[in-house]
>>> print(open('protein.cif').read())   # mmCIF, C-alpha atoms and all ligand atoms
data_coords
loop_
_atom_site.label_atom_id
_atom_site.label_comp_id
_atom_site.auth_asym_id
_atom_site.auth_seq_id
_atom_site.Cartn_x
_atom_site.Cartn_y
_atom_site.Cartn_z
CA MET J 1 63.70 -70.83 26.87
CA SER J 2 65.54 -73.19 29.15
CA SER J 3 69.29 -73.60 29.25
CA ILE J 4 68.78 -77.40 29.45
CA ASN J 5 67.41 -77.28 25.93
CA LYS J 6 70.25 -75.16 24.59
CA LYS J 7 71.93 -76.91 21.69
CA SER J 8 75.00 -75.98 19.73
CA TYR J 9 74.56 -75.27 16.03
CA THR J 10 78.35 -75.41 15.61
CA ALA J 11 78.33 -78.92 17.08
CA LEU J 12 75.59 -79.84 14.61
CA ILE J 13 77.65 -78.62 11.65
CA ASN J 14 80.70 -80.50 12.89
CA ARG J 15 78.58 -83.60 13.23
CA LEU J 16 77.29 -83.23 9.65
CA HIS J 17 80.83 -82.80 8.31
CA GLN J 18 82.05 -85.87 10.21
CA SER J 19 79.12 -87.97 9.03
CA LEU J 20 79.77 -87.06 5.41
CA ASN J 21 83.50 -87.67 5.65
CA HIS J 22 84.10 -86.01 2.26
CA ASN J 23 81.60 -88.37 0.59
CA ALA J 24 79.31 -85.50 -0.30
CA LYS J 25 79.38 -81.81 -0.98
CA ILE J 26 78.36 -79.55 1.86
CA TYR J 27 77.89 -75.89 1.01
CA THR J 28 77.43 -72.75 3.07
CA ILE J 29 74.93 -70.73 1.03
CA GLY J 30 74.54 -67.77 3.37
CA HIS J 31 74.87 -66.58 6.96
CA ILE J 32 72.07 -65.84 9.42
CA LYS J 33 73.28 -63.03 11.66
CA TYR J 34 72.05 -62.49 15.20
CA LEU J 35 73.95 -60.15 17.58
CA ASN J 36 77.53 -61.43 17.51
CA THR J 37 76.60 -64.82 16.09
CA LYS J 38 76.84 -65.79 12.42
CA TYR J 39 75.10 -69.06 11.64
CA PRO J 40 76.33 -70.64 8.39
CA PHE J 41 73.27 -71.89 6.45
CA GLN J 42 74.04 -75.34 5.07
CA LYS J 43 73.07 -77.31 1.99
CA ILE J 44 74.19 -80.89 1.32
CA ILE J 45 74.05 -82.71 -2.02
CA LEU J 46 74.45 -86.47 -2.34
CA GLY J 47 74.65 -88.32 -5.65
CA SER J 48 74.35 -85.43 -8.07
CA HIS J 49 72.99 -85.67 -11.64
CA LYS J 50 70.67 -88.61 -11.06
CA SER J 51 67.33 -89.08 -12.81
CA ASN J 52 65.23 -88.35 -9.70
CA ARG J 53 65.66 -85.44 -7.35
CA VAL J 54 64.49 -85.08 -3.79
CA LEU J 55 64.79 -82.25 -1.29
CA ILE J 56 64.74 -83.19 2.39
CA SER J 57 64.56 -80.35 4.88
CA ALA J 58 64.35 -80.00 8.65
CA GLY J 59 64.58 -77.59 11.53
CA ILE J 60 62.40 -74.78 10.14
CA HIS J 61 60.69 -74.87 13.54
CA GLY J 62 63.56 -74.75 16.02
CA ASP J 63 61.71 -76.56 18.79
CA GLU J 64 61.22 -79.67 16.61
CA PRO J 65 64.65 -81.35 16.87
CA ALA J 66 63.52 -84.79 15.61
CA GLY J 67 63.82 -83.72 11.96
CA VAL J 68 67.40 -82.47 12.37
CA GLU J 69 68.30 -85.62 14.30
CA THR J 70 66.72 -87.74 11.53
CA ILE J 71 69.00 -86.12 8.96
CA CYS J 72 72.08 -86.68 11.14
CA THR J 73 71.15 -90.36 11.57
CA PHE J 74 70.34 -90.73 7.85
CA LEU J 75 73.84 -89.46 7.05
CA GLU J 76 75.78 -91.12 9.90
CA ASN J 77 74.31 -94.55 9.22
CA LYS J 78 74.68 -94.05 5.45
CA ARG J 79 70.99 -94.88 5.05
CA TYR J 80 71.10 -92.95 1.74
CA GLU J 81 73.48 -95.36 0.02
CA ASP J 82 70.77 -97.68 -1.29
CA TYR J 83 69.08 -94.79 -3.09
CA LEU J 84 72.01 -93.04 -4.77
CA ASP J 85 71.74 -95.06 -7.98
CA LYS J 86 68.45 -93.29 -8.69
CA TRP J 87 68.34 -90.19 -6.55
CA GLU J 88 70.09 -86.89 -6.26
CA ILE J 89 69.42 -85.99 -2.64
CA THR J 90 69.53 -82.34 -1.59
CA ILE J 91 69.33 -81.70 2.15
CA LEU J 92 68.69 -78.53 4.13
CA PRO J 93 69.55 -79.93 7.57
CA CYS J 94 68.50 -76.97 9.70
CA ILE J 95 66.60 -74.00 8.25
CA ASN J 96 66.25 -72.13 11.55
CA PRO J 97 69.65 -72.24 13.31
CA TYR J 98 68.70 -69.68 15.97
CA GLY J 99 65.55 -71.63 16.83
CA PHE J 100 67.53 -74.88 16.92
CA GLU J 101 70.00 -73.45 19.47
CA ASN J 102 67.36 -71.76 21.59
CA ASN J 103 64.55 -74.30 21.25
CA THR J 104 62.12 -71.77 19.77
CA ARG J 105 59.63 -72.38 16.97
CA GLU J 106 60.37 -68.93 15.54
CA ASN J 107 63.62 -67.36 14.38
CA HIS J 108 65.51 -64.55 16.20
CA GLU J 109 62.95 -62.01 14.87
CA ASN J 110 60.12 -64.04 16.41
CA LYS J 111 58.93 -65.06 12.95
CA ASP J 112 57.40 -68.42 12.08
CA LEU J 113 59.43 -69.10 8.94
CA ASN J 114 57.00 -71.73 7.69
CA ARG J 115 54.32 -69.08 7.19
CA LEU J 116 56.36 -66.69 5.06
CA PHE J 117 57.07 -68.45 1.77
CA LYS J 118 54.58 -66.35 -0.19
CA ASP J 119 56.12 -63.05 0.96
CA HIS J 120 58.52 -61.23 -1.32
CA ASP J 121 60.49 -59.63 1.52
CA SER J 122 60.77 -62.85 3.51
CA PRO J 123 63.43 -63.44 6.20
CA LEU J 124 66.86 -64.54 4.98
CA GLU J 125 66.33 -68.15 6.12
CA VAL J 126 63.28 -68.35 3.84
CA GLN J 127 65.09 -66.65 0.94
CA LEU J 128 67.94 -69.16 1.23
CA ALA J 129 65.53 -72.11 1.34
CA LYS J 130 63.71 -70.71 -1.72
CA SER J 131 67.02 -70.34 -3.57
CA ILE J 132 67.34 -74.15 -3.70
CA PHE J 133 64.32 -74.41 -6.02
CA SER J 134 64.03 -73.99 -9.74
CA PRO J 135 60.85 -74.76 -11.70
CA SER J 136 60.01 -78.49 -11.92
CA TYR J 137 63.44 -79.42 -10.46
CA PHE J 138 62.37 -81.68 -7.60
CA ASP J 139 60.33 -84.84 -8.02
CA ILE J 140 59.65 -84.91 -4.29
CA THR J 141 60.14 -82.52 -1.40
CA ILE J 142 59.96 -83.83 2.15
CA GLU J 143 59.76 -81.58 5.19
CA LEU J 144 60.40 -83.08 8.60
CA HIS J 145 58.33 -81.68 11.47
CA GLU J 146 56.99 -82.64 14.89
CA ASP J 147 53.59 -82.07 16.48
CA TYR J 148 53.35 -81.44 20.23
CA ASP J 149 49.59 -82.03 20.34
CA SER J 150 49.21 -85.15 18.24
CA TYR J 151 49.16 -88.65 19.76
CA GLY J 152 50.31 -90.16 16.50
CA TYR J 153 52.17 -89.72 13.23
CA TYR J 154 50.48 -88.06 10.24
CA LEU J 155 51.45 -86.21 7.08
CA PHE J 156 50.36 -83.58 4.59
CA GLN J 157 50.42 -84.53 0.92
CA LYS J 158 49.85 -82.39 -2.15
CA SER J 159 51.11 -83.05 -5.66
CA ASN J 160 51.41 -81.64 -9.16
CA LYS J 161 51.61 -85.22 -10.48
CA HIS J 162 49.38 -88.28 -10.12
CA ASP J 163 49.65 -90.95 -7.44
CA GLY J 164 50.87 -88.71 -4.63
CA LEU J 165 48.07 -89.89 -2.36
CA GLN J 166 49.09 -93.52 -2.83
CA ILE J 167 52.63 -92.64 -1.76
CA GLY J 168 51.21 -90.87 1.29
CA PHE J 169 49.19 -93.94 2.27
CA LYS J 170 52.22 -96.20 1.66
CA ILE J 171 54.29 -94.06 4.04
CA ILE J 172 51.63 -94.33 6.74
CA ASP J 173 51.30 -98.07 6.09
CA ALA J 174 55.02 -98.58 6.59
CA LEU J 175 54.81 -96.80 9.96
CA LYS J 176 51.86 -98.68 11.48
CA GLU J 177 54.00 -101.22 13.34
CA VAL J 178 56.52 -98.65 14.54
CA ILE J 179 54.58 -95.71 15.93
CA PRO J 180 50.93 -94.82 16.63
CA ILE J 181 49.17 -93.18 13.67
CA ASN J 182 46.81 -90.24 14.17
CA LEU J 183 43.57 -91.62 12.72
CA ASP J 184 41.36 -88.67 13.65
CA GLU J 185 39.01 -87.41 10.94
CA LEU J 186 40.09 -83.89 11.77
CA ILE J 187 43.69 -83.01 12.55
CA ASP J 188 44.35 -79.36 13.40
CA ASP J 189 40.85 -78.63 12.07
CA MET J 190 41.74 -80.10 8.69
CA PRO J 191 39.99 -83.16 7.25
CA ALA J 192 42.32 -86.16 7.43
CA ASP J 193 42.11 -89.58 5.83
CA LYS J 194 43.84 -92.39 7.80
CA GLY J 195 46.74 -90.16 8.81
CA VAL J 196 46.98 -88.28 5.51
CA ILE J 197 45.85 -84.67 5.13
CA HIS J 198 45.37 -84.21 1.41
CA ARG J 199 42.23 -82.13 1.01
CA ILE J 200 44.15 -78.91 1.27
CA LYS J 201 43.27 -75.50 -0.16
CA ASP J 202 44.69 -74.66 -3.56
CA ILE J 203 47.81 -72.56 -3.02
CA LYS J 204 46.30 -69.79 -5.16
CA GLN J 205 43.61 -69.36 -2.49
CA MET J 206 46.07 -69.22 0.40
CA ASP J 207 47.03 -65.91 2.00
CA TRP J 208 50.31 -67.40 3.19
CA TRP J 209 52.42 -70.35 2.13
CA PRO J 210 54.40 -72.86 4.13
CA MET J 211 57.53 -74.17 2.41
CA ALA J 212 55.38 -76.88 0.79
CA GLY J 213 53.24 -74.13 -0.78
CA TYR J 214 56.30 -72.63 -2.43
CA SER J 215 57.43 -76.09 -3.48
CA LEU J 216 54.06 -76.70 -5.16
CA ALA J 217 54.25 -73.31 -6.87
CA MET J 218 57.68 -74.36 -8.18
CA LYS J 219 56.03 -77.42 -9.76
CA THR J 220 57.53 -80.10 -7.53
CA GLY J 221 55.99 -83.50 -8.34
CA HIS J 222 54.96 -84.46 -4.80
CA CYS J 223 55.20 -82.50 -1.55
CA PHE J 224 55.12 -84.22 1.81
CA THR J 225 55.18 -82.59 5.22
CA LEU J 226 55.78 -85.28 7.82
CA GLU J 227 54.65 -84.81 11.42
CA THR J 228 56.03 -87.10 14.13
CA PRO J 229 54.42 -86.95 17.61
CA SER J 230 56.59 -85.09 20.13
CA LYS J 231 55.01 -87.11 22.96
CA MET J 232 57.06 -90.14 21.88
CA ALA J 233 60.75 -90.63 22.73
CA ILE J 234 63.18 -88.89 20.37
CA SER J 235 64.51 -92.28 19.18
CA SER J 236 60.97 -93.37 18.16
CA ARG J 237 60.29 -90.06 16.44
CA VAL J 238 63.53 -90.34 14.48
CA ASP J 239 62.98 -94.01 13.58
CA ALA J 240 59.54 -93.16 12.23
CA HIS J 241 60.86 -90.26 10.13
CA LEU J 242 63.64 -92.48 8.72
CA ILE J 243 61.16 -95.17 7.69
CA ALA J 244 58.91 -92.53 6.11
CA LEU J 245 61.85 -91.01 4.21
CA GLU J 246 62.96 -94.37 2.87
CA GLN J 247 59.41 -95.29 1.88
CA ALA J 248 59.15 -92.06 -0.13
CA LEU J 249 62.48 -92.80 -1.85
CA MET J 250 61.34 -96.33 -2.72
CA CYS J 251 58.20 -95.08 -4.48
ZN ZN J 301 56.77 -77.76 12.53
#
>>> encode(input="protein.cif", output="structure tokens", more="lines below")
Ligand SMILES: [Zn+2]
Amino acid sequence: MSSINKKSYTALINRLHQSLNHNAKIYTIGHIKYLNTKYPFQKIILGSHKSNRVLISAGIHGDEPAGVETICTFLENKRYEDYLDKWEITILPCINPYGFENNTRENHENKDLNRLFKDHDSPLEVQLAKSIFSPSYFDITIELHEDYDSYGYYLFQKSNKHDGLQIGFKIIDALKEVIPINLDELIDDMPADKGVIHRIKDIKQMDWWPMAGYSLAMKTGHCFTLETPSKMAISSRVDAHLIALEQALMC
């Protein structure tokens, strides 16, 4: 952990409040406690009671700041406005506040939160993220990540409805001119198809679930986990995530 990387979660929350400027509801749905620190766990809802519902989440791995920054930019630049006629947008801006402040993948208990969504006695951060779901509620869930080893952008796609793969390819297509795409046939030892990892084990066969596994179990229409390459500048990583987000909302 380096002090240069130390970020302030309080500053992040203030930034979110300022960006929303009372245009949206921001809720504290719990507190993550670590020593003398209490991190308020935040949920944002934009455009409630619309026909389509999306969940966008970031910061489950604390050392992947591009997702959190993408959400800040999405809100600050009001990039959501074009989609509010159709979409109710729920946002979990930072699932791992301790990791965000300390630039660690894991939480304060050294747990990788994105491996613990199948567990019944999961850490509080995971329980709070799970509490957002109800069966078949979300049409799409989008999780914003980074990959330190990849030279290019790629994504995971799995769906309970048809046409999820086409949306995945459309997202990658929209990114081609903006950022390199990881075109390897194997990414992280998983078979990939032009930047899309879609031949994924059935969740019933998995010993552990990432958040997307829980989302699938809760009958979300389409689940996307987006991976932007950490090797690129933060501005490029954020731009790519924003384009991917908007592409998903257009589909
Ligand atoms: Zn990650």
>>> closest_residue(input="protein.cif", among="J:Glu88, J:Glu64, J:Asp189, J:Glu106", to="ligand ZN 301 (chain J)", atoms="only C-alpha atoms and all ligand atoms")
J:Glu64
>>> atom_distance(input="protein.cif", atom1="CA of Met250 (chain J)", atom2="CA of Tyr83 (chain J)")
7.9 Å
>>> residues_near_point(input="protein.cif", point="(74.9, -84.0, -7.7)", cutoff="9 Å", atoms="all atoms listed in the file", output="ChimeraX atom specification")
/J:24-25,45-50,88-90
>>> residues_near_ligand(input="protein.cif", ligand="ligand ZN 301 (chain J)", cutoff="9 Å", atoms="only C-alpha atoms and all ligand atoms", output="number ranges by chain")
J: 58-64, 105, 114, 143-147, 225-227
>>> closest_residue(input="protein.cif", among="J:Lys158, J:Lys130, J:Lys231, J:Lys194", to="Ile95 (chain J)", atoms="all atoms listed in the file")
J:Lys130
>>> closest_residue(input="protein.cif", among="J:Asn21, J:Leu155, J:His31, J:Ser235", to="Pro123 (chain J)", atoms="only C-alpha atoms")
J:His31
>>> atom_distance(input="protein.cif", atom1="CA of Thr70 (chain J)", atom2="CA of His241 (chain J)")
6.5 Å
>>> closest_residue(input="protein.cif", among="J:His22, J:Arg79, J:His162, J:Arg115", to="His222 (chain J)", atoms="only C-alpha atoms")
J:His162
>>> atom_distance(input="protein.cif", atom1="CA of Glu246 (chain J)", atom2="CA of Ser230 (chain J)")
20.6 Å
>>> residues_around(input="protein.cif", residues="Lys6 (chain J)", least_positions_apart="4", cutoff="12 Å", atoms="only C-alpha atoms", output="JSON, numbers by chain")
{"J": [1, 2, 11, 62, 63, 65, 97, 98, 99, 100, 101, 102, 103, 104]}
>>> write_last_selection(input="protein.cif", atoms="C-alpha atoms", output="mmCIF file, keeping the file's coordinate frame")
data_model
loop_
_atom_site.group_PDB
_atom_site.id
_atom_site.type_symbol
_atom_site.label_atom_id
_atom_site.label_comp_id
_atom_site.auth_asym_id
_atom_site.auth_seq_id
_atom_site.Cartn_x
_atom_site.Cartn_y
_atom_site.Cartn_z
ATOM 1 C CA MET J 1 63.700 -70.830 26.870
ATOM 2 C CA SER J 2 65.540 -73.190 29.150
ATOM 3 C CA ALA J 11 78.330 -78.920 17.080
ATOM 4 C CA GLY J 62 63.560 -74.750 16.020
ATOM 5 C CA ASP J 63 61.710 -76.560 18.790
ATOM 6 C CA PRO J 65 64.650 -81.350 16.870
ATOM 7 C CA PRO J 97 69.650 -72.240 13.310
ATOM 8 C CA TYR J 98 68.700 -69.680 15.970
ATOM 9 C CA GLY J 99 65.550 -71.630 16.830
ATOM 10 C CA PHE J 100 67.530 -74.880 16.920
ATOM 11 C CA GLU J 101 70.000 -73.450 19.470
ATOM 12 C CA ASN J 102 67.360 -71.760 21.590
ATOM 13 C CA ASN J 103 64.550 -74.300 21.250
ATOM 14 C CA THR J 104 62.120 -71.770 19.770
#
>>> residues_around(input="protein.cif", residues="region 205-218 of chain J", least_positions_apart="4", cutoff="9 Å", atoms="only C-alpha atoms", output="mmCIF file with C-alpha atoms, in the frame of the given file")
data_model
loop_
_atom_site.group_PDB
_atom_site.id
_atom_site.type_symbol
_atom_site.label_atom_id
_atom_site.label_comp_id
_atom_site.auth_asym_id
_atom_site.auth_seq_id
_atom_site.Cartn_x
_atom_site.Cartn_y
_atom_site.Cartn_z
ATOM 1 C CA LEU J 113 59.430 -69.100 8.940
ATOM 2 C CA ASN J 114 57.000 -71.730 7.690
ATOM 3 C CA ARG J 115 54.320 -69.080 7.190
ATOM 4 C CA LEU J 116 56.360 -66.690 5.060
ATOM 5 C CA PHE J 117 57.070 -68.450 1.770
ATOM 6 C CA LYS J 118 54.580 -66.350 -0.190
ATOM 7 C CA ASP J 119 56.120 -63.050 0.960
ATOM 8 C CA VAL J 126 63.280 -68.350 3.840
ATOM 9 C CA ALA J 129 65.530 -72.110 1.340
ATOM 10 C CA LYS J 130 63.710 -70.710 -1.720
ATOM 11 C CA PHE J 133 64.320 -74.410 -6.020
ATOM 12 C CA SER J 134 64.030 -73.990 -9.740
ATOM 13 C CA PRO J 135 60.850 -74.760 -11.700
ATOM 14 C CA SER J 136 60.010 -78.490 -11.920
ATOM 15 C CA TYR J 137 63.440 -79.420 -10.460
ATOM 16 C CA PHE J 138 62.370 -81.680 -7.600
ATOM 17 C CA THR J 141 60.140 -82.520 -1.400
ATOM 18 C CA ILE J 142 59.960 -83.830 2.150
ATOM 19 C CA GLU J 143 59.760 -81.580 5.190
ATOM 20 C CA LYS J 158 49.850 -82.390 -2.150
ATOM 21 C CA SER J 159 51.110 -83.050 -5.660
ATOM 22 C CA ASN J 160 51.410 -81.640 -9.160
ATOM 23 C CA LYS J 201 43.270 -75.500 -0.160
ATOM 24 C CA HIS J 222 54.960 -84.460 -4.800
ATOM 25 C CA CYS J 223 55.200 -82.500 -1.550
ATOM 26 C CA PHE J 224 55.120 -84.220 1.810
ATOM 27 C CA THR J 225 55.180 -82.590 5.220
#
